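Engineer: Just one file: protein-v3.csv, with CSV, C-alpha atoms.
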```csv
chain,number,residue,atom,x,y,z
A,14,MET,CA,-175.9,138.8,25.2
A,15,THR,CA,-178.3,141.6,26.1
A,16,LEU,CA,-179.8,143.7,23.4
A,17,SER,CA,-178.0,146.8,24.6
A,18,SER,CA,-174.7,144.9,24.4
A,19,LEU,CA,-175.4,143.8,20.9
A,20,LEU,CA,-176.4,147.3,19.8
A,21,LEU,CA,-173.3,148.7,21.3
A,22,PHE,CA,-171.1,146.2,19.5
A,23,ALA,CA,-173.0,146.8,16.3
A,24,ALA,CA,-172.4,150.5,16.5
A,25,VAL,CA,-168.7,150.2,17.2
A,26,TYR,CA,-168.3,147.5,14.5
A,27,PHE,CA,-170.2,149.6,11.9
A,28,ALA,CA,-168.0,152.5,12.6
A,29,ALA,CA,-164.9,150.3,12.1
A,30,VAL,CA,-166.3,148.8,8.9
A,31,ALA,CA,-167.6,152.1,7.4
A,32,THR,CA,-164.4,154.0,8.1
A,33,PRO,CA,-162.4,154.0,4.8
A,34,GLY,CA,-159.4,151.7,4.8
A,35,PRO,CA,-157.8,149.2,2.4
A,36,GLY,CA,-160.9,147.0,2.1
A,37,ILE,CA,-163.2,149.9,1.3
A,38,ALA,CA,-160.7,151.4,-1.1
A,39,ALA,CA,-160.2,148.1,-2.9
A,40,LEU,CA,-164.0,147.6,-3.2
A,41,ILE,CA,-164.7,151.1,-4.6
A,42,ALA,CA,-161.8,150.9,-7.1
A,43,ARG,CA,-163.0,147.5,-8.3
A,44,VAL,CA,-166.5,148.7,-8.8
A,45,LEU,CA,-165.4,151.9,-10.6
A,46,GLY,CA,-163.2,149.8,-12.9
A,47,HIS,CA,-165.6,146.9,-13.6
A,48,GLY,CA,-169.0,147.6,-12.2
A,49,LEU,CA,-170.9,145.2,-10.0
A,50,LYS,CA,-169.8,142.1,-11.8
A,51,GLY,CA,-168.3,139.6,-9.4
A,52,VAL,CA,-168.8,141.9,-6.4
A,53,ALA,CA,-170.9,139.5,-4.4
A,54,PRO,CA,-168.1,136.9,-3.9
A,55,PHE,CA,-165.7,139.8,-3.4
A,56,ILE,CA,-167.8,141.1,-0.5
A,57,ALA,CA,-168.2,137.5,0.8
A,58,GLY,CA,-164.5,137.2,1.2
A,59,TYR,CA,-164.5,140.2,3.5
A,60,VAL,CA,-167.4,138.7,5.5
A,61,VAL,CA,-165.6,135.3,5.9
A,62,GLY,CA,-162.3,137.1,6.8
A,63,ASP,CA,-164.0,139.0,9.6
A,64,MET,CA,-165.7,135.8,10.8
A,65,ILE,CA,-162.3,134.2,11.1
A,66,TRP,CA,-160.9,137.1,13.2
A,67,LEU,CA,-164.1,137.2,15.3
A,68,VAL,CA,-163.8,133.5,16.2
A,69,LEU,CA,-160.1,133.9,17.0
A,70,ALA,CA,-160.8,136.9,19.3
A,71,GLY,CA,-164.0,135.4,20.8
A,72,THR,CA,-162.5,132.0,21.6
A,73,GLY,CA,-159.4,133.3,23.2
A,74,LEU,CA,-157.2,132.2,20.3
A,75,SER,CA,-155.7,135.7,19.8
A,76,VAL,CA,-152.5,134.2,21.3
A,77,LEU,CA,-152.5,131.6,18.5
A,78,ALA,CA,-152.9,134.4,16.0
A,79,HIS,CA,-149.9,136.2,17.4
A,80,ALA,CA,-147.9,132.9,17.4
A,81,PHE,CA,-148.6,132.5,13.7
A,82,ALA,CA,-148.0,136.1,12.9
A,83,GLY,CA,-145.7,135.0,10.1
A,84,LEU,CA,-148.5,133.2,8.3
A,85,PHE,CA,-150.6,136.4,8.4
A,86,VAL,CA,-147.7,138.4,7.1
A,87,ALA,CA,-147.5,136.0,4.1
A,88,ILE,CA,-151.2,136.3,3.5
A,89,LYS,CA,-150.9,140.1,3.7
A,90,TYR,CA,-148.2,140.0,0.9
A,91,ALA,CA,-150.3,137.7,-1.2
A,92,GLY,CA,-153.3,140.1,-0.9
A,93,ALA,CA,-151.1,143.0,-1.8
A,94,ALA,CA,-149.8,141.2,-4.9
A,95,TYR,CA,-153.4,140.5,-5.9
A,96,LEU,CA,-154.3,144.2,-5.5
A,97,LEU,CA,-151.3,145.2,-7.6
A,98,TYR,CA,-152.4,142.8,-10.3
A,99,LEU,CA,-155.9,144.3,-10.2
A,100,GLY,CA,-154.5,147.8,-10.3
A,101,TRP,CA,-152.4,147.0,-13.4
A,102,THR,CA,-155.4,145.5,-15.3
A,103,MET,CA,-157.5,148.5,-14.4
A,104,ALA,CA,-154.9,151.1,-15.2
A,105,THR,CA,-154.2,149.6,-18.6
A,106,ALA,CA,-157.9,149.0,-19.5
A,107,PRO,CA,-159.1,150.8,-22.7
A,108,GLY,CA,-161.1,153.9,-22.2
A,109,ALA,CA,-163.4,153.5,-25.1
A,110,THR,CA,-166.9,152.6,-23.8
A,111,GLY,CA,-167.5,150.3,-26.7
A,112,VAL,CA,-164.3,148.3,-26.0
A,113,ALA,CA,-164.5,145.6,-23.3
A,114,ALA,CA,-162.1,146.1,-20.5
A,115,PRO,CA,-160.2,143.2,-19.0
A,116,ALA,CA,-162.6,140.9,-17.2
A,117,ALA,CA,-162.8,141.4,-13.4
A,118,SER,CA,-161.9,138.3,-11.4
A,119,SER,CA,-165.1,136.7,-10.2
A,120,GLY,CA,-166.2,133.6,-8.2
A,121,TRP,CA,-163.5,131.9,-6.1
A,122,ARG,CA,-160.7,134.2,-7.4
A,123,ALA,CA,-162.6,137.3,-6.2
A,124,PHE,CA,-163.5,135.6,-2.9
A,125,PHE,CA,-160.0,134.5,-2.1
A,126,GLY,CA,-158.6,137.9,-3.2
A,127,SER,CA,-160.7,139.8,-0.7
A,128,LEU,CA,-160.3,137.1,2.0
A,129,SER,CA,-156.5,137.4,1.8
A,130,LEU,CA,-156.8,141.1,2.0
A,131,THR,CA,-159.0,140.9,5.1
A,132,LEU,CA,-156.8,138.3,6.9
A,133,GLY,CA,-153.7,140.5,6.4
A,134,ASN,CA,-155.4,143.9,6.9
A,135,PRO,CA,-154.0,145.6,10.1
A,136,LYS,CA,-157.2,147.6,10.5
A,137,VAL,CA,-159.2,144.4,10.9
A,138,MET,CA,-156.7,142.8,13.2
A,139,ILE,CA,-156.6,145.8,15.5
A,140,PHE,CA,-160.4,145.9,15.7
A,141,PHE,CA,-160.9,142.2,16.6
A,142,LEU,CA,-157.8,141.8,18.8
A,143,SER,CA,-157.7,145.2,20.5
A,144,ILE,CA,-161.0,147.1,20.2
A,145,MET,CA,-163.5,144.3,20.4
A,146,PRO,CA,-162.3,143.1,23.8
A,147,LEU,CA,-163.0,146.6,25.1
A,148,VAL,CA,-166.7,146.3,24.1
A,149,VAL,CA,-167.3,142.6,24.6
A,150,ASP,CA,-166.0,140.5,27.6
A,151,VAL,CA,-164.4,137.7,25.5
A,152,ARG,CA,-163.6,135.8,28.7
A,153,THR,CA,-167.2,135.1,29.4
A,154,LEU,CA,-168.4,134.8,25.8
A,155,THR,CA,-170.6,131.7,25.3
A,156,PRO,CA,-170.9,129.8,22.0
A,157,ALA,CA,-174.5,131.2,21.6
A,158,ALA,CA,-173.3,134.7,22.1
A,159,LEU,CA,-170.5,134.2,19.6
A,160,VAL,CA,-173.1,133.0,17.1
A,161,GLU,CA,-175.1,136.1,17.8
A,162,LEU,CA,-172.1,138.3,17.2
A,163,ALA,CA,-171.2,136.5,14.0
A,164,ALA,CA,-174.7,136.9,12.6
A,165,LEU,CA,-174.6,140.6,13.6
A,166,CYS,CA,-171.2,141.1,12.0
A,167,ALA,CA,-172.4,139.4,8.7
A,168,VAL,CA,-175.4,141.6,8.4
A,169,VAL,CA,-173.5,144.8,9.2
A,170,ILE,CA,-170.5,144.3,7.0
A,171,SER,CA,-172.6,142.9,4.1
A,172,ALA,CA,-175.0,145.9,4.2
A,173,THR,CA,-172.2,148.4,4.6
A,174,LEU,CA,-170.0,147.1,1.8
A,175,ALA,CA,-173.1,146.7,-0.5
A,176,ALA,CA,-174.0,150.3,0.1
A,177,TYR,CA,-170.4,151.4,-0.8
A,178,ALA,CA,-170.5,149.2,-4.0
A,179,LEU,CA,-173.9,150.6,-5.1
A,180,ALA,CA,-172.7,154.2,-4.5
A,181,ALA,CA,-169.5,153.5,-6.5
A,182,ASN,CA,-171.5,151.9,-9.3
A,183,ARG,CA,-173.9,154.9,-9.4
A,184,ALA,CA,-170.9,157.2,-9.7
A,185,ARG,CA,-169.5,155.0,-12.4
A,186,ALA,CA,-172.7,155.4,-14.4
A,187,PHE,CA,-172.0,159.1,-14.8
A,188,LEU,CA,-168.6,158.3,-16.5
A,189,ARG,CA,-169.9,157.7,-20.0
A,190,SER,CA,-167.3,159.4,-22.2
A,191,THR,CA,-164.1,157.7,-23.4
A,192,ARG,CA,-161.9,160.2,-21.5
A,193,ALA,CA,-163.9,159.8,-18.3
A,194,MET,CA,-163.7,156.0,-18.5
A,195,ARG,CA,-159.9,156.2,-19.1
A,196,ILE,CA,-159.5,158.5,-16.1
A,197,ALA,CA,-161.7,156.2,-14.0
A,198,HIS,CA,-159.7,153.1,-14.9
A,199,ARG,CA,-156.4,154.8,-14.2
A,200,ALA,CA,-157.6,156.3,-10.9
A,201,ALA,CA,-159.0,152.9,-9.8
A,202,GLY,CA,-155.7,151.2,-10.8
A,203,GLY,CA,-153.8,153.9,-8.8
A,204,VAL,CA,-156.1,153.4,-5.8
A,205,MET,CA,-155.5,149.6,-5.9
A,206,ALA,CA,-151.8,150.1,-6.1
A,207,GLY,CA,-151.9,152.5,-3.3
A,208,VAL,CA,-153.9,150.1,-1.1
A,209,ALA,CA,-151.4,147.4,-1.9
A,210,VAL,CA,-148.5,149.6,-0.7
A,211,ALA,CA,-150.4,150.7,2.4
A,212,VAL,CA,-151.2,147.1,3.4
A,213,VAL,CA,-147.5,146.1,3.0
A,214,THR,CA,-146.1,149.0,4.8
A,215,ARG,CA,-148.4,149.0,7.8
```
What would the structure in this file look like if it were written as structure tokens?

Structural biologist:
Amino acid sequence: MTLSSLLLFAAVYFAAVATPGPGIAALIARVLGHGLKGVAPFIAGYVVGDMIWLVLAGTGLSVLAHAFAGLFVAIKYAGAAYLLYLGWTMATAPGATGVAAPAASSGWRAFFGSLSLTLGNPKVMIFFLSIMPLVVDVRTLTPAALVELAALCAVVISATLAAYALAANRARAFLRSTRAMRIAHRAAGGVMAGVAVAVVTR
């Protein structure tokens, strides 16, 4: 692909990633509730999920994705259930700063949680199956060009989500009082529950 084509795709993809949606809301709520612990595998789940959708769109397998729509619906509900669980643990976490809140899922649990959210996220599906073909001619996409797009996507989404996570963690640092922590935990839990409902009803 030409440099101008890659830059155009990067700009459109960045706009899609940076626009608040279920994934961004879940990430911010998680960081507000638990800090940066376990956030790397959580972000990695988003990256891998986008790579799967990119490959489906770039190799012409979008028809296959539509054929197995039921599977993605099941994944969507699994992701929503995971978010509800996270929301509950955050909302019921103690507000006292000296008391440990329930541990955030980390490692593979965090990874698969965000992966299931990404695979079932209508926003991600719409971008790769509807918007991406408007920017990239998927009919003439070579394996080398697909690798270039995948590398570009990985950099853009990782950097964007990391920036959101760091900003949320900085905001969390200002919440030092017991009352503020209790409010933050309940707000984060409410956001998680809201994201779960939004994912299921879209």

Engineer: Between A:Val68, A:Leu130, A:Ala29, A:Gly46, single out the one closest to Glu161 of chain A, counting all atoms listed in the file.

Structural biologist: A:Val68

Engineer: Report, in Å to a single decimal, how far apart atom CA of Tyr26 of chain A and atom CA of Leu159 of chain A are.

Structural biologist: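 We find that atom CA of Leu159 of chain A and atom CA of Tyr26 of chain A lie 14.4 Å from each other.
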
Engineer: Which one is closest to Ala176 of chain A: A:Gly71, A:Ile139, A:Ile65, A:Leu49? Count all atoms listed in the file.

Structural biologist: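 Closest candidate: A:Leu49.
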
Engineer: Name the closest residue to Ala163 of chain A among the candidates A:Tyr177, A:Gly73, A:Met138, A:Leu67; distances are taken between atoms, counting all atoms listed in the file.

Structural biologist: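 Among the listed residues, the smallest separation from Ala163 of chain A belongs to A:Leu67.
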
Engineer: Which value, in Å to one decimal, gives the distance between atom CA of Ala172 of chain A and atom CA of Leu154 of chain A?

Structural biologist: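 Computing the Euclidean distance for atom CA of Ala172 of chain A and atom CA of Leu154 of chain A yields 25.2 Å.
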
Engineer: Please, what distance in Å, to one decimal, runs between atom CA of Ser143 of chain A and atom CA of Ala39 of chain A?

Structural biologist: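 About the pair atom CA of Ser143 of chain A and atom CA of Ala39 of chain A: they are 23.7 Å apart.
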
Engineer: Between A:Leu45, A:Val137, A:Ala157, A:Ala184, which has the minimum distance to Thr15 of chain A (counting only C-alpha atoms)?

Structural biologist: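 Of the candidates, the smallest distance to Thr15 of chain A is held by A:Ala157.
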
Engineer: Could you check the closest approach to Ala24 of chain A for each of A:Ala178, A:Ala53, A:Arg185, A:Leu165 and tell me which residue wins, using only C-alpha atoms?

Structural biologist: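 For Ala24 of chain A, the nearest of the candidates is A:Leu165.
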
Engineer: Excluding Leu147 of chain A and any residue of its chain fewer than 5 positions from it, enumerate the residues within 12 Å of it, using all atoms listed in the file, and give them as a compact mmCIF listing (two decimals) with C-alpha atoms, in the frame of the given file.

Structural biologist:
```
# COMPACT_ATOMS: atom_id res chain seq x y z
CA SER A 18 -174.70 144.90 24.40
CA LEU A 21 -173.30 148.70 21.30
CA PHE A 22 -171.10 146.20 19.50
CA VAL A 25 -168.70 150.20 17.20
CA TYR A 26 -168.30 147.50 14.50
CA ALA A 70 -160.80 136.90 19.30
CA ILE A 139 -156.60 145.80 15.50
CA PHE A 140 -160.40 145.90 15.70
CA PHE A 141 -160.90 142.20 16.60
CA LEU A 142 -157.80 141.80 18.80
CA ARG A 152 -163.60 135.80 28.70
```

Engineer: Identify, on the basis of all atoms listed in the file, every residue whose closest approach to Cys166 of chain A does not exceed 8 Å; exclude the query and any residue fewer than 5 positions from it along the same chain; express the result as a list in words.

Structural biologist: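 In the requested format, the answer is Ala23, Tyr26, Val60, Asp63 and Met64 of chain A.
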
Engineer: Using all atoms listed in the file, pick whichever of A:Leu19, A:Leu162, A:Arg43, A:Trp66 has the shortest atom-to-atom distance to Lys136 of chain A.

Structural biologist: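 Among the listed residues, the smallest separation from Lys136 of chain A belongs to A:Trp66.
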